[in-house]
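S.K.: Pasting structure_13.txt here (compact mmCIF, N, CA, C and O atoms):
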```txt
# COMPACT_ATOMS: atom_id res chain seq x y z
N MET A 1 9.90 9.26 1.90
CA MET A 1 9.49 7.86 1.91
C MET A 1 10.68 6.99 1.52
O MET A 1 11.38 7.28 0.58
N SER A 2 10.86 5.94 2.27
CA SER A 2 11.84 4.92 1.89
C SER A 2 11.10 3.58 1.91
O SER A 2 9.99 3.49 2.44
N TYR A 3 11.71 2.58 1.32
CA TYR A 3 11.03 1.28 1.27
C TYR A 3 12.04 0.15 1.19
O TYR A 3 13.20 0.36 0.84
N LYS A 4 11.56 -1.02 1.55
CA LYS A 4 12.36 -2.24 1.44
C LYS A 4 11.40 -3.32 0.94
O LYS A 4 10.27 -3.41 1.41
N ILE A 5 11.85 -4.12 0.00
CA ILE A 5 11.01 -5.20 -0.54
C ILE A 5 11.60 -6.54 -0.13
O ILE A 5 12.80 -6.77 -0.30
N THR A 6 10.74 -7.39 0.43
CA THR A 6 11.16 -8.76 0.71
C THR A 6 10.21 -9.68 -0.04
O THR A 6 9.03 -9.36 -0.21
N GLU A 7 10.72 -10.80 -0.52
CA GLU A 7 9.88 -11.73 -1.26
C GLU A 7 9.95 -13.11 -0.62
O GLU A 7 11.01 -13.55 -0.20
N ASP A 8 8.79 -13.75 -0.56
CA ASP A 8 8.69 -15.09 -0.02
C ASP A 8 7.72 -15.85 -0.92
O ASP A 8 6.51 -15.64 -0.83
N GLY A 9 8.26 -16.66 -1.81
CA GLY A 9 7.39 -17.36 -2.76
C GLY A 9 6.70 -16.37 -3.67
O GLY A 9 7.34 -15.54 -4.30
N ASN A 10 5.36 -16.43 -3.71
CA ASN A 10 4.59 -15.55 -4.58
C ASN A 10 4.13 -14.28 -3.86
O ASN A 10 3.31 -13.54 -4.37
N ILE A 11 4.66 -14.02 -2.66
CA ILE A 11 4.27 -12.83 -1.91
C ILE A 11 5.44 -11.86 -1.83
O ILE A 11 6.53 -12.22 -1.40
N ALA A 12 5.19 -10.63 -2.29
CA ALA A 12 6.19 -9.57 -2.16
C ALA A 12 5.68 -8.61 -1.09
O ALA A 12 4.56 -8.11 -1.18
N THR A 13 6.50 -8.37 -0.08
CA THR A 13 6.12 -7.43 0.98
C THR A 13 6.93 -6.15 0.81
O THR A 13 8.16 -6.20 0.75
N VAL A 14 6.21 -5.04 0.72
CA VAL A 14 6.84 -3.73 0.61
C VAL A 14 6.71 -3.05 1.96
O VAL A 14 5.60 -2.76 2.41
N HIS A 15 7.84 -2.83 2.61
CA HIS A 15 7.86 -2.15 3.91
C HIS A 15 8.07 -0.66 3.62
O HIS A 15 9.17 -0.26 3.21
N LEU A 16 7.02 0.13 3.79
CA LEU A 16 7.11 1.56 3.53
C LEU A 16 7.44 2.30 4.81
O LEU A 16 7.04 1.89 5.90
N ASP A 17 8.14 3.41 4.67
CA ASP A 17 8.61 4.16 5.83
C ASP A 17 8.53 5.65 5.51
O ASP A 17 8.85 6.06 4.40
N GLY A 18 8.08 6.45 6.47
CA GLY A 18 8.08 7.90 6.28
C GLY A 18 6.71 8.44 5.94
O GLY A 18 5.70 7.96 6.44
N GLU A 19 6.69 9.44 5.05
CA GLU A 19 5.45 10.10 4.66
C GLU A 19 5.11 9.75 3.22
O GLU A 19 5.98 9.77 2.35
N ILE A 20 3.84 9.43 2.99
CA ILE A 20 3.39 9.14 1.64
C ILE A 20 2.42 10.25 1.26
O ILE A 20 1.28 10.27 1.71
N ASP A 21 2.93 11.17 0.46
CA ASP A 21 2.13 12.31 0.04
C ASP A 21 2.35 12.56 -1.45
O ASP A 21 2.99 11.76 -2.12
N MET A 22 1.83 13.70 -1.92
CA MET A 22 1.92 14.04 -3.34
C MET A 22 3.33 13.91 -3.91
O MET A 22 3.50 13.51 -5.06
N ASP A 23 4.31 14.26 -3.11
CA ASP A 23 5.69 14.28 -3.60
C ASP A 23 6.25 12.90 -3.91
O ASP A 23 7.21 12.79 -4.67
N VAL A 24 5.69 11.87 -3.31
CA VAL A 24 6.28 10.53 -3.48
C VAL A 24 5.31 9.50 -4.08
O VAL A 24 5.69 8.34 -4.23
N THR A 25 4.10 9.92 -4.46
CA THR A 25 3.15 8.92 -4.95
C THR A 25 3.63 8.25 -6.24
O THR A 25 3.43 7.05 -6.41
N GLU A 26 4.27 9.00 -7.13
CA GLU A 26 4.78 8.37 -8.36
C GLU A 26 5.83 7.32 -8.03
O GLU A 26 5.84 6.24 -8.60
N LYS A 27 6.70 7.64 -7.10
CA LYS A 27 7.75 6.69 -6.67
C LYS A 27 7.10 5.45 -6.05
O LYS A 27 7.51 4.31 -6.34
N ALA A 28 6.08 5.65 -5.22
CA ALA A 28 5.39 4.52 -4.61
C ALA A 28 4.78 3.62 -5.68
O ALA A 28 4.88 2.39 -5.62
N LYS A 29 4.15 4.23 -6.69
CA LYS A 29 3.56 3.44 -7.79
C LYS A 29 4.64 2.68 -8.55
O LYS A 29 4.44 1.54 -8.94
N GLU A 30 5.80 3.33 -8.78
CA GLU A 30 6.90 2.68 -9.51
C GLU A 30 7.42 1.46 -8.76
O GLU A 30 7.96 0.54 -9.37
N VAL A 31 7.27 1.46 -7.44
CA VAL A 31 7.71 0.33 -6.62
C VAL A 31 6.64 -0.77 -6.62
O VAL A 31 6.94 -1.95 -6.81
N ILE A 32 5.38 -0.38 -6.42
CA ILE A 32 4.29 -1.34 -6.18
C ILE A 32 3.74 -1.96 -7.47
O ILE A 32 3.54 -3.17 -7.54
N MET A 33 3.48 -1.14 -8.49
CA MET A 33 2.79 -1.64 -9.69
C MET A 33 3.54 -2.78 -10.41
O MET A 33 2.91 -3.76 -10.80
N PRO A 34 4.87 -2.69 -10.61
CA PRO A 34 5.55 -3.81 -11.28
C PRO A 34 5.41 -5.13 -10.53
O PRO A 34 5.34 -6.20 -11.14
N LEU A 35 5.37 -5.06 -9.19
CA LEU A 35 5.19 -6.28 -8.40
C LEU A 35 3.81 -6.88 -8.66
O LEU A 35 3.67 -8.10 -8.82
N ILE A 36 2.80 -6.02 -8.72
CA ILE A 36 1.43 -6.48 -9.00
C ILE A 36 1.38 -7.08 -10.41
O ILE A 36 0.85 -8.16 -10.62
N GLU A 37 1.97 -6.35 -11.37
CA GLU A 37 1.93 -6.79 -12.77
C GLU A 37 2.70 -8.08 -12.99
O GLU A 37 2.43 -8.82 -13.94
N SER A 38 3.66 -8.39 -12.12
CA SER A 38 4.42 -9.64 -12.25
C SER A 38 3.62 -10.84 -11.73
O SER A 38 4.08 -11.97 -11.77
N GLY A 39 2.41 -10.55 -11.19
CA GLY A 39 1.55 -11.64 -10.73
C GLY A 39 1.71 -11.99 -9.26
O GLY A 39 1.15 -12.97 -8.78
N LYS A 40 2.47 -11.20 -8.54
CA LYS A 40 2.67 -11.49 -7.12
C LYS A 40 1.53 -10.91 -6.28
O LYS A 40 0.92 -9.93 -6.65
N GLU A 41 1.27 -11.56 -5.15
CA GLU A 41 0.40 -10.97 -4.14
C GLU A 41 1.28 -9.97 -3.39
O GLU A 41 2.38 -10.31 -2.97
N VAL A 42 0.81 -8.74 -3.27
CA VAL A 42 1.62 -7.70 -2.67
C VAL A 42 1.09 -7.35 -1.28
O VAL A 42 -0.10 -7.07 -1.11
N HIS A 43 1.97 -7.40 -0.29
CA HIS A 43 1.62 -6.98 1.07
C HIS A 43 2.31 -5.64 1.32
O HIS A 43 3.52 -5.52 1.10
N LEU A 44 1.55 -4.66 1.73
CA LEU A 44 2.11 -3.35 2.05
C LEU A 44 2.17 -3.21 3.57
O LEU A 44 1.12 -3.19 4.22
N ASN A 45 3.36 -3.17 4.10
CA ASN A 45 3.53 -3.01 5.54
C ASN A 45 3.63 -1.51 5.82
O ASN A 45 4.56 -0.85 5.39
N LEU A 46 2.63 -0.98 6.55
CA LEU A 46 2.52 0.46 6.77
C LEU A 46 2.85 0.85 8.22
O LEU A 46 2.49 1.94 8.66
N LYS A 47 3.54 -0.03 8.93
CA LYS A 47 3.84 0.22 10.34
C LYS A 47 4.66 1.50 10.55
O LYS A 47 4.46 2.22 11.50
N GLU A 48 5.59 1.78 9.63
CA GLU A 48 6.49 2.92 9.80
C GLU A 48 6.06 4.17 9.02
O GLU A 48 6.84 5.10 8.88
N VAL A 49 4.84 4.16 8.49
CA VAL A 49 4.35 5.33 7.76
C VAL A 49 3.71 6.29 8.76
O VAL A 49 2.72 5.96 9.40
N GLN A 50 4.32 7.48 8.90
CA GLN A 50 3.81 8.44 9.88
C GLN A 50 2.65 9.27 9.33
O GLN A 50 1.82 9.76 10.08
N TYR A 51 2.62 9.44 8.01
CA TYR A 51 1.62 10.35 7.43
C TYR A 51 1.26 9.87 6.03
O TYR A 51 2.13 9.45 5.27
N MET A 52 -0.01 9.95 5.70
CA MET A 52 -0.46 9.64 4.34
C MET A 52 -1.58 10.59 3.99
O MET A 52 -2.53 10.73 4.75
N ASP A 53 -1.46 11.27 2.85
CA ASP A 53 -2.54 12.16 2.43
C ASP A 53 -3.40 11.48 1.37
O ASP A 53 -3.23 10.29 1.09
N SER A 54 -4.31 12.22 0.78
CA SER A 54 -5.25 11.62 -0.18
C SER A 54 -4.55 11.04 -1.40
O SER A 54 -5.00 10.04 -1.96
N SER A 55 -3.42 11.61 -1.80
CA SER A 55 -2.71 11.04 -2.95
C SER A 55 -2.10 9.68 -2.59
O SER A 55 -2.04 8.78 -3.42
N GLY A 56 -1.69 9.53 -1.33
CA GLY A 56 -1.20 8.23 -0.87
C GLY A 56 -2.32 7.21 -0.83
O GLY A 56 -2.14 6.04 -1.21
N ILE A 57 -3.49 7.65 -0.37
CA ILE A 57 -4.67 6.77 -0.35
C ILE A 57 -5.00 6.33 -1.78
O ILE A 57 -5.34 5.18 -2.02
N SER A 58 -4.87 7.25 -2.74
CA SER A 58 -5.18 6.89 -4.14
C SER A 58 -4.24 5.80 -4.65
O SER A 58 -4.63 4.95 -5.44
N VAL A 59 -2.98 5.80 -4.17
CA VAL A 59 -2.04 4.73 -4.55
C VAL A 59 -2.55 3.38 -4.02
O VAL A 59 -2.50 2.37 -4.73
N LEU A 60 -3.05 3.38 -2.78
CA LEU A 60 -3.59 2.14 -2.20
C LEU A 60 -4.78 1.64 -3.02
O LEU A 60 -4.88 0.45 -3.32
N ILE A 61 -5.67 2.56 -3.40
CA ILE A 61 -6.86 2.18 -4.17
C ILE A 61 -6.47 1.68 -5.56
O ILE A 61 -6.94 0.63 -6.00
N GLU A 62 -5.59 2.43 -6.25
CA GLU A 62 -5.15 2.00 -7.59
C GLU A 62 -4.47 0.64 -7.54
O GLU A 62 -4.69 -0.20 -8.42
N SER A 63 -3.64 0.43 -6.52
CA SER A 63 -2.94 -0.86 -6.38
C SER A 63 -3.95 -1.98 -6.18
O SER A 63 -3.84 -3.05 -6.79
N HIS A 64 -4.92 -1.73 -5.31
CA HIS A 64 -5.98 -2.71 -5.03
C HIS A 64 -6.74 -3.05 -6.31
O HIS A 64 -6.97 -4.22 -6.62
N GLN A 65 -7.12 -2.02 -7.07
CA GLN A 65 -7.89 -2.23 -8.31
C GLN A 65 -7.08 -2.99 -9.35
O GLN A 65 -7.59 -3.90 -10.01
N LYS A 66 -5.81 -2.63 -9.52
CA LYS A 66 -4.95 -3.30 -10.51
C LYS A 66 -4.80 -4.78 -10.16
O LYS A 66 -4.89 -5.65 -11.02
N ALA A 67 -4.55 -5.07 -8.88
CA ALA A 67 -4.40 -6.46 -8.45
C ALA A 67 -5.70 -7.23 -8.69
O ALA A 67 -5.66 -8.37 -9.18
N ALA A 68 -6.83 -6.61 -8.39
CA ALA A 68 -8.13 -7.27 -8.59
C ALA A 68 -8.34 -7.58 -10.07
O ALA A 68 -8.82 -8.66 -10.42
N GLU A 69 -7.98 -6.64 -10.95
CA GLU A 69 -8.10 -6.86 -12.40
C GLU A 69 -7.31 -8.10 -12.83
O GLU A 69 -7.71 -8.82 -13.73
N LEU A 70 -6.16 -8.30 -12.19
CA LEU A 70 -5.28 -9.41 -12.56
C LEU A 70 -5.56 -10.67 -11.74
O LEU A 70 -4.81 -11.63 -11.80
N GLY A 71 -6.63 -10.63 -10.94
CA GLY A 71 -7.01 -11.80 -10.15
C GLY A 71 -6.11 -12.03 -8.96
O GLY A 71 -5.91 -13.16 -8.52
N ASN A 72 -5.54 -10.95 -8.45
CA ASN A 72 -4.66 -11.08 -7.30
C ASN A 72 -5.10 -10.10 -6.23
O ASN A 72 -6.18 -9.53 -6.31
N ARG A 73 -4.25 -9.87 -5.21
CA ARG A 73 -4.67 -8.95 -4.16
C ARG A 73 -3.50 -8.19 -3.57
O ARG A 73 -2.35 -8.63 -3.62
N VAL A 74 -3.86 -7.03 -3.02
CA VAL A 74 -2.92 -6.22 -2.26
C VAL A 74 -3.45 -6.21 -0.83
O VAL A 74 -4.62 -5.91 -0.60
N VAL A 75 -2.60 -6.58 0.11
CA VAL A 75 -3.01 -6.69 1.52
C VAL A 75 -2.26 -5.63 2.32
O VAL A 75 -1.03 -5.52 2.22
N LEU A 76 -2.99 -4.86 3.11
CA LEU A 76 -2.37 -3.86 3.99
C LEU A 76 -2.11 -4.50 5.34
O LEU A 76 -3.00 -5.12 5.92
N LYS A 77 -0.89 -4.36 5.83
CA LYS A 77 -0.50 -5.01 7.09
C LYS A 77 0.10 -4.00 8.06
O LYS A 77 0.73 -3.03 7.63
N GLU A 78 -0.09 -4.27 9.33
CA GLU A 78 0.52 -3.46 10.40
C GLU A 78 0.38 -1.97 10.13
O GLU A 78 1.37 -1.24 10.09
N ILE A 79 -0.83 -1.52 9.96
CA ILE A 79 -1.08 -0.13 9.59
C ILE A 79 -0.88 0.78 10.81
O ILE A 79 -1.42 0.52 11.88
N SER A 80 -0.12 1.85 10.62
CA SER A 80 0.10 2.80 11.72
C SER A 80 -1.22 3.50 12.06
O SER A 80 -2.13 3.57 11.23
N LYS A 81 -1.30 4.00 13.28
CA LYS A 81 -2.55 4.64 13.73
C LYS A 81 -2.96 5.81 12.84
O LYS A 81 -4.14 5.95 12.51
N SER A 82 -2.00 6.64 12.44
CA SER A 82 -2.35 7.82 11.64
C SER A 82 -2.90 7.42 10.27
O SER A 82 -3.85 8.03 9.77
N VAL A 83 -2.33 6.39 9.67
CA VAL A 83 -2.81 5.94 8.35
C VAL A 83 -4.16 5.25 8.50
O VAL A 83 -5.06 5.48 7.70
N LEU A 84 -4.31 4.44 9.54
CA LEU A 84 -5.59 3.76 9.76
C LEU A 84 -6.71 4.78 9.93
O LEU A 84 -7.82 4.59 9.43
N LYS A 85 -6.41 5.88 10.62
CA LYS A 85 -7.41 6.93 10.82
C LYS A 85 -7.89 7.49 9.47
O LYS A 85 -9.09 7.66 9.25
N VAL A 86 -6.95 7.73 8.56
CA VAL A 86 -7.30 8.26 7.23
C VAL A 86 -8.13 7.23 6.46
O VAL A 86 -9.14 7.57 5.84
N ILE A 87 -7.73 5.96 6.53
CA ILE A 87 -8.47 4.89 5.84
C ILE A 87 -9.90 4.80 6.38
O ILE A 87 -10.85 4.69 5.62
N MET A 88 -10.04 4.86 7.69
CA MET A 88 -11.37 4.77 8.32
C MET A 88 -12.24 5.98 7.97
O MET A 88 -13.43 5.84 7.72
N MET A 89 -11.63 7.17 7.98
CA MET A 89 -12.39 8.39 7.64
C MET A 89 -12.96 8.31 6.23
O MET A 89 -14.06 8.77 5.96
N ALA A 90 -12.19 7.70 5.34
CA ALA A 90 -12.62 7.57 3.94
C ALA A 90 -13.49 6.32 3.74
O ALA A 90 -13.92 6.04 2.62
N LYS A 91 -13.74 5.57 4.82
CA LYS A 91 -14.53 4.34 4.79
C LYS A 91 -13.94 3.30 3.82
O LYS A 91 -14.68 2.52 3.21
N LEU A 92 -12.64 3.29 3.72
CA LEU A 92 -11.98 2.37 2.78
C LEU A 92 -11.71 1.00 3.39
O LEU A 92 -11.30 0.08 2.69
N GLU A 93 -11.92 0.85 4.70
CA GLU A 93 -11.72 -0.46 5.32
C GLU A 93 -12.68 -1.49 4.74
O GLU A 93 -12.44 -2.69 4.83
N GLN A 94 -13.78 -1.01 4.11
CA GLN A 94 -14.74 -1.92 3.49
C GLN A 94 -14.29 -2.38 2.10
O GLN A 94 -14.80 -3.36 1.58
N ILE A 95 -13.33 -1.66 1.52
CA ILE A 95 -12.88 -1.94 0.15
C ILE A 95 -11.51 -2.60 0.14
O ILE A 95 -11.29 -3.62 -0.50
N LEU A 96 -10.57 -2.00 0.88
CA LEU A 96 -9.21 -2.50 0.89
C LEU A 96 -9.10 -3.74 1.78
O LEU A 96 -9.90 -3.92 2.69
N ILE A 97 -8.12 -4.58 1.50
CA ILE A 97 -7.91 -5.81 2.29
C ILE A 97 -6.93 -5.47 3.41
O ILE A 97 -5.77 -5.11 3.15
N ILE A 98 -7.40 -5.57 4.64
CA ILE A 98 -6.58 -5.23 5.81
C ILE A 98 -6.41 -6.46 6.70
O ILE A 98 -7.39 -7.10 7.03
N GLU A 99 -5.18 -6.77 7.02
CA GLU A 99 -4.91 -7.90 7.94
C GLU A 99 -4.10 -7.43 9.12
O GLU A 99 -3.34 -6.50 9.03
```
Take the structure from the file and write it as structure tokens.

M.R.:
Amino acid sequence: MSYKITEDGNIATVHLDGEIDMDVTEKAKEVIMPLIESGKEVHLNLKEVQYMDSSGISVLIESHQKAAELGNRVVLKEISKSVLKVIMMAKLEQILIIE
């Protein structure tokens, strides 16, 4: 997994790339959580994510919950087909914010 962060006002966009699995979930949290805790709205661009397992999904859920606790939001954008399939199978499209 690699990533790039761009910021525009109060929105931080994290462009994730590669595979998000058990091996990189801690790294993903280290990137995403501080942005949420700083009060920014976080957009996760998942266009270049080829694979995400259940541990990657848990990062999305934890990020969503943390942002909600702080009165903010995490928005999933440009989701790749393989990741969208996992989100839909878990019925998370009803919980997570997808644009």

S.K.: Between A:Leu84, A:Met22, A:Val14, A:Leu96, which residue has the minimum interatomic distance to Ile61 (chain A), considering only N, CA, C and O atoms?

M.R.: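 Closest to Ile61 (chain A) of all the choices is A:Leu96.
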
S.K.: From a DSSP calculation on the backbone, collect every residue of chain A in strand (DSSP E) and output the set as JSON, numbers by chain.

M.R.: {"A": [2, 3, 4, 5, 6, 7, 8, 11, 12, 13, 14, 15, 16, 17, 18, 19, 20, 41, 42, 43, 44, 45, 46, 47, 48, 49, 50, 51, 52, 74, 75, 76, 77, 97, 98]}

S.K.: Among chain A, which residues does DSSP mark as helix (DSSP H, G or I) when it is run on the backbone? Keep the chain and numbering as in the structure and answer as a PyMOL selection string.

M.R.: chain A and resi 25-37+54-69+81-89+92-94

S.K.: In Å, rounded to a single decimal, give me how far CA of Gly9 (chain A) is from CA of Lys40 (chain A).

M.R.: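 Between CA of Lys40 (chain A) and CA of Gly9 (chain A) the gap works out to 8.7 Å.
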
S.K.: I'd like to know which of A:Val42, A:Val59, A:Val83, A:Ala67 is closest to Thr13 (chain A), using all atoms listed in the file.

M.R.: A:Val42

S.K.: What lies within 5 Å of region 49-57 of chain A using all atoms listed in the file, ignoring chain neighbours under 5 positions off, as a list in words?

M.R.: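 Returned residues: Leu16, Asp17, Gly18, Glu19, Ile20, Asp21, Ser80 and Ser82 of chain A.
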
S.K.: Pick out the closest residue to Glu41 (chain A) from this set: A:Gln65, A:Ser2, A:Gln94, A:Asn72. Count all atoms listed in the file.

M.R.: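 Using all atoms listed in the file, the shortest distance to Glu41 (chain A) belongs to A:Asn72.
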
S.K.: Could you give me, as a list of chain:residue names, the residues within 4.5 Å of Leu76 (chain A), counting only N, CA, C and O atoms and dropping anything in the same chain fewer than 3 positions from it?

M.R.: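 Neighbouring residues, sequence-local ones excluded: A:Leu44, A:Ile97, A:Ile98, A:Glu99.
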
S.K.: May I ask for the distance between atom N of Lys77 (chain A) and CA of Lys29 (chain A), given in Å to one decimal place?

M.R.: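 Calculated distance between atom N of Lys77 (chain A) and CA of Lys29 (chain A) is 16.3 Å.
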
S.K.: Here is a test: counting all atoms listed in the file, which residue of A:Ser58, A:Ile95, A:Gly71, A:Glu78 is nearest to Thr25 (chain A)?

M.R.: A:Ser58

S.K.: Could you tell me how far CA of Val74 (chain A) lies from CA of Met89 (chain A), in Å and to one decimal?

M.R.: 20.0 Å
